[in-house]
Amino acid sequence: MSTRRRTFLGLTAAALAAPALVRAQGAAKVVVVGGGFGGATCARFLKRFAPALAVTLVERQKTYTACPFSNEVIAGLRPLERQQFGYDGLARSGVTVATTAATAVDPAARTVMLADGTRLAYDRLVVAPGIDFDWTALPGYDEKAAERLPHAWKAGAQTLLLRRQLEAMRDGGLVVIAVPAPPYRCPPAPYERASQIAWYLKNSKPRSKVLVLDAKDSFSQQPLFRRAWSDLYPDLIEWVPLSQGGNVTSVDPATLTLETDFDSHKADVANVIPPQKAGALARLAGVADRTGWCPVEPTAFESTLQPGIHVLGDAALAGAMPKAASSANAQGKACAAAIADRLAGRPPQAPRLVSGCYTLAAPDYGFSLVGVYRPDKGELREVPGAGGASPLDSDPVLRAQEARYAEGWFRATTGEIFG
Amino acid sequence: MRRRLAAALAASLLFAGTARAADAPPGAWSCTGCHALSSAPSVPPNPIPALTGRPAVEIAGIMREFKSRGRPATVMGRIALGFSDAEIDAIAEWLARQDH
Ligand SMILES: Cc1cc2nc3c(=O)[nH]c(=O)nc-3n(C[C@H](O)[C@H](O)[C@H](O)COP(=O)(O)OP(=O)(O)OC[C@H]3O[C@@H](n4cnc5c(N)ncnc54)[C@H](O)[C@@H]3O)c2cc1C
């Protein structure tokens, strides 16, 4: 910035307090890559908190397909259309929506390259690309194998493929779900999926079984799931932990066989949830570390590896917060507030974030895991004494109530992002 | 020169605009992920009760009851315990001011 401009900007106190908001070419620019729960929330709230900011959302798909409740689609309880959202609401709120992929980031020049050849300049970049699968981690399981053994861990065509396979399966068939070691997107979702598939089998193919092969020895809300399974699906779901040979070491797509440390399982339908890492753009932007995930500071979600770049949602290492849509939504707002504050020359305030993840073990059987988080000693930690899971001993009325509230959460959250 | 003056003016407007982020106390925007922040009735109605348009003292009073487990709740007891009484009052006042 030239001395002359600096002097000029010094003319008003507001401009002084807002050095980055006004640049030579006008309003400050924020580019958000990824229009999921994290990125789309952030873009929308940036416009809300700082209406004059130029906010561009780069999202490669025209229509977003949400994962929460996609296990109900697999069970045949919900059309996929209820999972789908367009970006018109964001456009109406003043966000510029670019329907194309981001292909490269130049942190020094502060530019993002897009697949359509455009180069976007930014003052702040927000990266929320979700997850990518590690196609090298599980021998036999690659993108082609996923057409035979769906992951259904990104909602859309894969969700419908798994649904069709279950419909086509004979009564008495074996459904195998392979669960990776953490961290992965949505810790309780594999067990919700086992429950939802069991619901379908119990009602339509009661002689069938679900076998969960797990690369760990315990899982999120395990007592609640065990209770639900014995209440609802006795003898229908078998869970094999790591210590009993649950770890899947290779798959054979031709025969639908999954090898574990101890055993070999031939499936009628196999749902393989592969190991995961932050979406590719995170690596291209230099914000992913050796673990494949992105370390951030806990107030503005700014990368600790690349100043000026913020990382949200599943891609981020967000301390104690689970990789969940409700976390990504809370983070999107906190990040937007911090960016608006920074660009206005104000120190961002420490956020308080709430995540509330619902599980539906059956259409009328819901429970939840809640967390309240704040920055503490450099990372997001739970506020002691708050949060936790639904009580293990709860009557059916409360479980049914939580199932209805789950739908309420989905509608409120998707409404404030996409509505 | 005129363009620069316009820019400076825009900056002061922007400053006014961004006051809304700082305006919300920590945690306030977490409530709206479940409690839709719209006075327009949703169709079908959202099973999670709306909070907009309700007096701050009422919201704050209910939150204290959730905290002390004096009011039955599925999730709100676990959430309310994450906030001090002063934080609850600030959020309740902010929620009561939201009328869009
Ligand atoms: C079966 C299942 C059930 C779940 N249930 C729940 C639940 O009940 N509650 C809950 O809270 N969470 C749930 N989750 C987790 C939730 O879906 C994720 O945590 C959430 O989607 C994370 O949001 P995100 O914005 O980080 O990533 P995403 O939602 O994956 O969004 C990332 C977006 O970025 C885009 N993108 C990526 N790279 C680029 C690029 N280079 N250029 C342009 N665009 C790009 C993608 O197209 C995508 O739209 C569930 C997940 C699964 C798999």
# chains A, B, ... in the order shown; residues from 1 in each chain; ligands from 1

$ residues_near_ligand --ligand "ligand 1" --cutoff "7 Å" --atoms "only C-alpha atoms and all ligand atoms" --output "PyMOL selection string"
chain A and resi 33-39+58-61+64+66-71+100-103+128-131+152-155+185-186+189-190+193+279-281+312-315+323-328+356-359

$ closest_atom_pairs --of "chain A" --to "chain B" --cutoff "7 Å" --atoms "only C-alpha atoms" --output "Markdown table"
| residue | atom | partner | partner_atom | distance |
| --- | --- | --- | --- | --- |
| A:Leu9 | CA | B:Ala8 | CA | 6.5 |
| A:Ala14 | CA | B:Ser12 | CA | 4.8 |
| A:Ala15 | CA | B:Ala11 | CA | 5.3 |
| A:Ala18 | CA | B:Ala11 | CA | 6.8 |
| A:Leu21 | CA | B:Ala11 | CA | 6.6 |
| A:Val22 | CA | B:Ala11 | CA | 6.2 |
| A:Gly26 | CA | B:Ala7 | CA | 6.8 |
| A:Phe49 | CA | B:Thr18 | CA | 5.0 |
| A:Ala50 | CA | B:Thr18 | CA | 4.6 |
| A:Pro51 | CA | B:Gly17 | CA | 6.4 |
| A:Ala52 | CA | B:Leu14 | CA | 5.9 |
| A:Ala330 | CA | B:Ser30 | CA | 5.9 |
| A:Ala337 | CA | B:Ala21 | CA | 5.3 |
| A:Ala340 | CA | B:Thr18 | CA | 6.4 |
| A:Ala344 | CA | B:Phe15 | CA | 6.4 |
| A:Pro351 | CA | B:Pro26 | CA | 5.2 |
| A:Arg352 | CA | B:Gly27 | CA | 4.5 |
| A:Leu353 | CA | B:Gly27 | CA | 5.8 |
| A:Val354 | CA | B:Ser30 | CA | 5.6 |
| A:Val370 | CA | B:Arg78 | CA | 6.9 |
| A:Val372 | CA | B:Gly82 | CA | 5.8 |
| A:Val383 | CA | B:Gly82 | CA | 5.8 |
| A:Gly385 | CA | B:Leu81 | CA | 6.6 |
| A:Ala386 | CA | B:Leu81 | CA | 4.8 |
| A:Gly387 | CA | B:Arg78 | CA | 4.6 |
| A:Gly388 | CA | B:Arg78 | CA | 6.7 |
| A:Glu402 | CA | B:Thr74 | CA | 6.9 |
| A:Arg404 | CA | B:Pro47 | CA | 6.6 |
| A:Tyr405 | CA | B:Pro47 | CA | 6.0 |
| A:Gly408 | CA | B:Asn46 | CA | 5.3 |
| A:Trp409 | CA | B:Cys34 | CA | 4.6 |
| A:Ala412 | CA | B:Ala36 | CA | 4.9 |
| A:Thr413 | CA | B:Gly33 | CA | 4.7 |

$ select_by_dssp --residues "region 184-411 of chain A" --states "helix (DSSP H, G or I)" --output "PyMOL selection string"
chain A and resi 189-204+222-232+242-244+280-284+313-315+325-343+396-411

$ write_last_selection --atoms "C-alpha atoms" --output "PDB file, in the first residue's frame"
ATOM      1  CA  ALA A 189     -22.156 -43.359  11.234  1.00  0.00           C
ATOM      2  CA  PRO A 190     -20.894 -46.919  10.460  1.00  0.00           C
ATOM      3  CA  TYR A 191     -22.939 -48.238  13.400  1.00  0.00           C
ATOM      4  CA  GLU A 192     -25.963 -46.155  12.455  1.00  0.00           C
ATOM      5  CA  ARG A 193     -25.624 -47.715   9.016  1.00  0.00           C
ATOM      6  CA  ALA A 194     -25.497 -51.235  10.473  1.00  0.00           C
ATOM      7  CA  SER A 195     -28.683 -50.383  12.406  1.00  0.00           C
ATOM      8  CA  GLN A 196     -30.495 -48.961   9.382  1.00  0.00           C
ATOM      9  CA  ILE A 197     -29.548 -51.909   7.179  1.00  0.00           C
ATOM     10  CA  ALA A 198     -30.722 -54.228   9.965  1.00  0.00           C
ATOM     11  CA  TRP A 199     -34.025 -52.366  10.029  1.00  0.00           C
ATOM     12  CA  TYR A 200     -34.484 -53.046   6.318  1.00  0.00           C
ATOM     13  CA  LEU A 201     -33.454 -56.684   6.603  1.00  0.00           C
ATOM     14  CA  LYS A 202     -35.650 -57.319   9.640  1.00  0.00           C
ATOM     15  CA  ASN A 203     -38.674 -56.028   7.749  1.00  0.00           C
ATOM     16  CA  SER A 204     -37.907 -57.374   4.268  1.00  0.00           C
ATOM     17  CA  GLN A 222     -21.094 -48.109  21.968  1.00  0.00           C
ATOM     18  CA  PRO A 223     -23.379 -48.853  24.963  1.00  0.00           C
ATOM     19  CA  LEU A 224     -26.270 -47.011  23.274  1.00  0.00           C
ATOM     20  CA  PHE A 225     -25.753 -48.931  20.042  1.00  0.00           C
ATOM     21  CA  ARG A 226     -25.461 -52.272  21.858  1.00  0.00           C
ATOM     22  CA  ARG A 227     -28.686 -51.506  23.706  1.00  0.00           C
ATOM     23  CA  ALA A 228     -30.432 -50.506  20.466  1.00  0.00           C
ATOM     24  CA  TRP A 229     -29.233 -53.638  18.691  1.00  0.00           C
ATOM     25  CA  SER A 230     -30.435 -55.943  21.446  1.00  0.00           C
ATOM     26  CA  ASP A 231     -33.766 -54.038  21.708  1.00  0.00           C
ATOM     27  CA  LEU A 232     -34.428 -53.884  17.988  1.00  0.00           C
ATOM     28  CA  LEU A 242      -9.927 -55.495  16.065  1.00  0.00           C
ATOM     29  CA  SER A 243      -8.766 -57.813  18.840  1.00  0.00           C
ATOM     30  CA  GLN A 244     -11.032 -60.578  17.521  1.00  0.00           C
ATOM     31  CA  ALA A 280      -6.952 -33.195  -2.247  1.00  0.00           C
ATOM     32  CA  LEU A 281      -7.116 -29.412  -2.334  1.00  0.00           C
ATOM     33  CA  ALA A 282      -5.807 -29.297   1.238  1.00  0.00           C
ATOM     34  CA  ARG A 283      -2.578 -30.918   0.114  1.00  0.00           C
ATOM     35  CA  LEU A 284      -2.370 -28.703  -2.967  1.00  0.00           C
ATOM     36  CA  GLY A 313     -14.936 -29.277   8.561  1.00  0.00           C
ATOM     37  CA  ASP A 314     -13.805 -32.851   8.076  1.00  0.00           C
ATOM     38  CA  ALA A 315     -10.448 -31.788   6.564  1.00  0.00           C
ATOM     39  CA  ALA A 325     -21.832 -31.846   9.803  1.00  0.00           C
ATOM     40  CA  SER A 326     -22.891 -30.074  12.984  1.00  0.00           C
ATOM     41  CA  SER A 327     -19.217 -29.413  13.831  1.00  0.00           C
ATOM     42  CA  ALA A 328     -18.550 -28.128  10.305  1.00  0.00           C
ATOM     43  CA  ASN A 329     -21.592 -25.839  10.546  1.00  0.00           C
ATOM     44  CA  ALA A 330     -20.467 -24.396  13.906  1.00  0.00           C
ATOM     45  CA  GLN A 331     -16.899 -23.991  12.625  1.00  0.00           C
ATOM     46  CA  GLY A 332     -18.111 -22.238   9.458  1.00  0.00           C
ATOM     47  CA  LYS A 333     -19.820 -19.548  11.531  1.00  0.00           C
ATOM     48  CA  ALA A 334     -16.902 -19.127  13.947  1.00  0.00           C
ATOM     49  CA  CYS A 335     -14.462 -18.820  11.050  1.00  0.00           C
ATOM     50  CA  ALA A 336     -16.693 -16.294   9.248  1.00  0.00           C
ATOM     51  CA  ALA A 337     -16.972 -14.168  12.400  1.00  0.00           C
ATOM     52  CA  ALA A 338     -13.210 -14.277  12.964  1.00  0.00           C
ATOM     53  CA  ILE A 339     -12.434 -13.341   9.343  1.00  0.00           C
ATOM     54  CA  ALA A 340     -14.952 -10.482   9.441  1.00  0.00           C
ATOM     55  CA  ASP A 341     -13.388  -9.247  12.684  1.00  0.00           C
ATOM     56  CA  ARG A 342      -9.814  -9.554  11.382  1.00  0.00           C
ATOM     57  CA  LEU A 343     -10.586  -7.750   8.142  1.00  0.00           C
ATOM     58  CA  PRO A 396     -39.213 -45.294  24.045  1.00  0.00           C
ATOM     59  CA  VAL A 397     -41.052 -41.974  24.123  1.00  0.00           C
ATOM     60  CA  LEU A 398     -37.782 -40.074  24.551  1.00  0.00           C
ATOM     61  CA  ARG A 399     -36.046 -42.131  21.847  1.00  0.00           C
ATOM     62  CA  ALA A 400     -38.924 -41.322  19.489  1.00  0.00           C
ATOM     63  CA  GLN A 401     -38.689 -37.658  20.472  1.00  0.00           C
ATOM     64  CA  GLU A 402     -34.973 -37.588  19.687  1.00  0.00           C
ATOM     65  CA  ALA A 403     -35.705 -39.126  16.279  1.00  0.00           C
ATOM     66  CA  ARG A 404     -38.069 -36.219  15.545  1.00  0.00           C
ATOM     67  CA  TYR A 405     -35.573 -33.656  16.841  1.00  0.00           C
ATOM     68  CA  ALA A 406     -32.937 -35.188  14.547  1.00  0.00           C
ATOM     69  CA  GLU A 407     -35.066 -34.249  11.566  1.00  0.00           C
ATOM     70  CA  GLY A 408     -35.531 -30.808  13.130  1.00  0.00           C
ATOM     71  CA  TRP A 409     -31.758 -30.343  13.367  1.00  0.00           C
ATOM     72  CA  PHE A 410     -31.339 -31.355   9.717  1.00  0.00           C
ATOM     73  CA  ARG A 411     -34.004 -28.914   8.564  1.00  0.00           C
TER      74      ARG A 411
END

$ select_by_dssp --residues "region 46-82 of chain A" --states "strand (DSSP E or B)" --output "list of chain:residue names"
A:Ala54, A:Val55, A:Thr56, A:Leu57, A:Val58, A:Glu59, A:Tyr64, A:Thr65

$ residues_around --residues "Glu143 (chain A)" --least-positions-apart "4" --cutoff "12 Å" --atoms "only C-alpha atoms" --output "ChimeraX atom specification"
/A:132-136,138-139,147-151,158,253,272,274

$ write_last_selection --atoms "C-alpha atoms" --output "PDB file, in the first residue's frame"
ATOM      1  CA  ASP A 132     -10.807 -38.041   0.072  1.00  0.00           C
ATOM      2  CA  PHE A 133     -10.355 -41.786   0.242  1.00  0.00           C
ATOM      3  CA  ASP A 134      -6.916 -43.278   0.524  1.00  0.00           C
ATOM      4  CA  TRP A 135      -7.156 -45.673  -2.414  1.00  0.00           C
ATOM      5  CA  THR A 136      -3.730 -47.149  -1.652  1.00  0.00           C
ATOM      6  CA  LEU A 138      -6.511 -51.338   1.463  1.00  0.00           C
ATOM      7  CA  PRO A 139      -5.183 -53.907  -1.044  1.00  0.00           C
ATOM      8  CA  GLU A 147     -18.440 -49.936  -8.032  1.00  0.00           C
ATOM      9  CA  ARG A 148     -18.780 -53.522  -6.739  1.00  0.00           C
ATOM     10  CA  LEU A 149     -18.288 -52.881  -3.014  1.00  0.00           C
ATOM     11  CA  PRO A 150     -19.731 -49.408  -2.446  1.00  0.00           C
ATOM     12  CA  HIS A 151     -18.376 -47.138   0.296  1.00  0.00           C
ATOM     13  CA  GLN A 158     -22.830 -44.564  -4.118  1.00  0.00           C
ATOM     14  CA  PRO A 253     -13.887 -57.525  -5.709  1.00  0.00           C
ATOM     15  CA  VAL A 272     -16.274 -51.004   2.503  1.00  0.00           C
ATOM     16  CA  PRO A 274     -12.024 -46.962   3.246  1.00  0.00           C
TER      17      PRO A 274
END

$ atom_distance --atom1 "CA of Val176 (chain A)" --atom2 "CA of Val73 (chain A)"
17.9 Å

$ closest_residue --among "A:Thr257, A:Thr249, A:Gln84, A:Ser220" --to "Pro182 (chain A)" --atoms "only C-alpha atoms"
A:Ser220

$ residues_around --residues "Lys62 (chain A)" --least-positions-apart "3" --cutoff "8 Å" --atoms "only C-alpha atoms" --output "PyMOL selection string"
chain A and resi 59+86-87+99

$ atom_distance --atom1 "CA of Thr56 (chain A)" --atom2 "CA of Ala43 (chain A)"
7.4 Å

$ atom_distance --atom1 "CA of Ile59 (chain B)" --atom2 "CA of Ala40 (chain A)"
29.1 Å
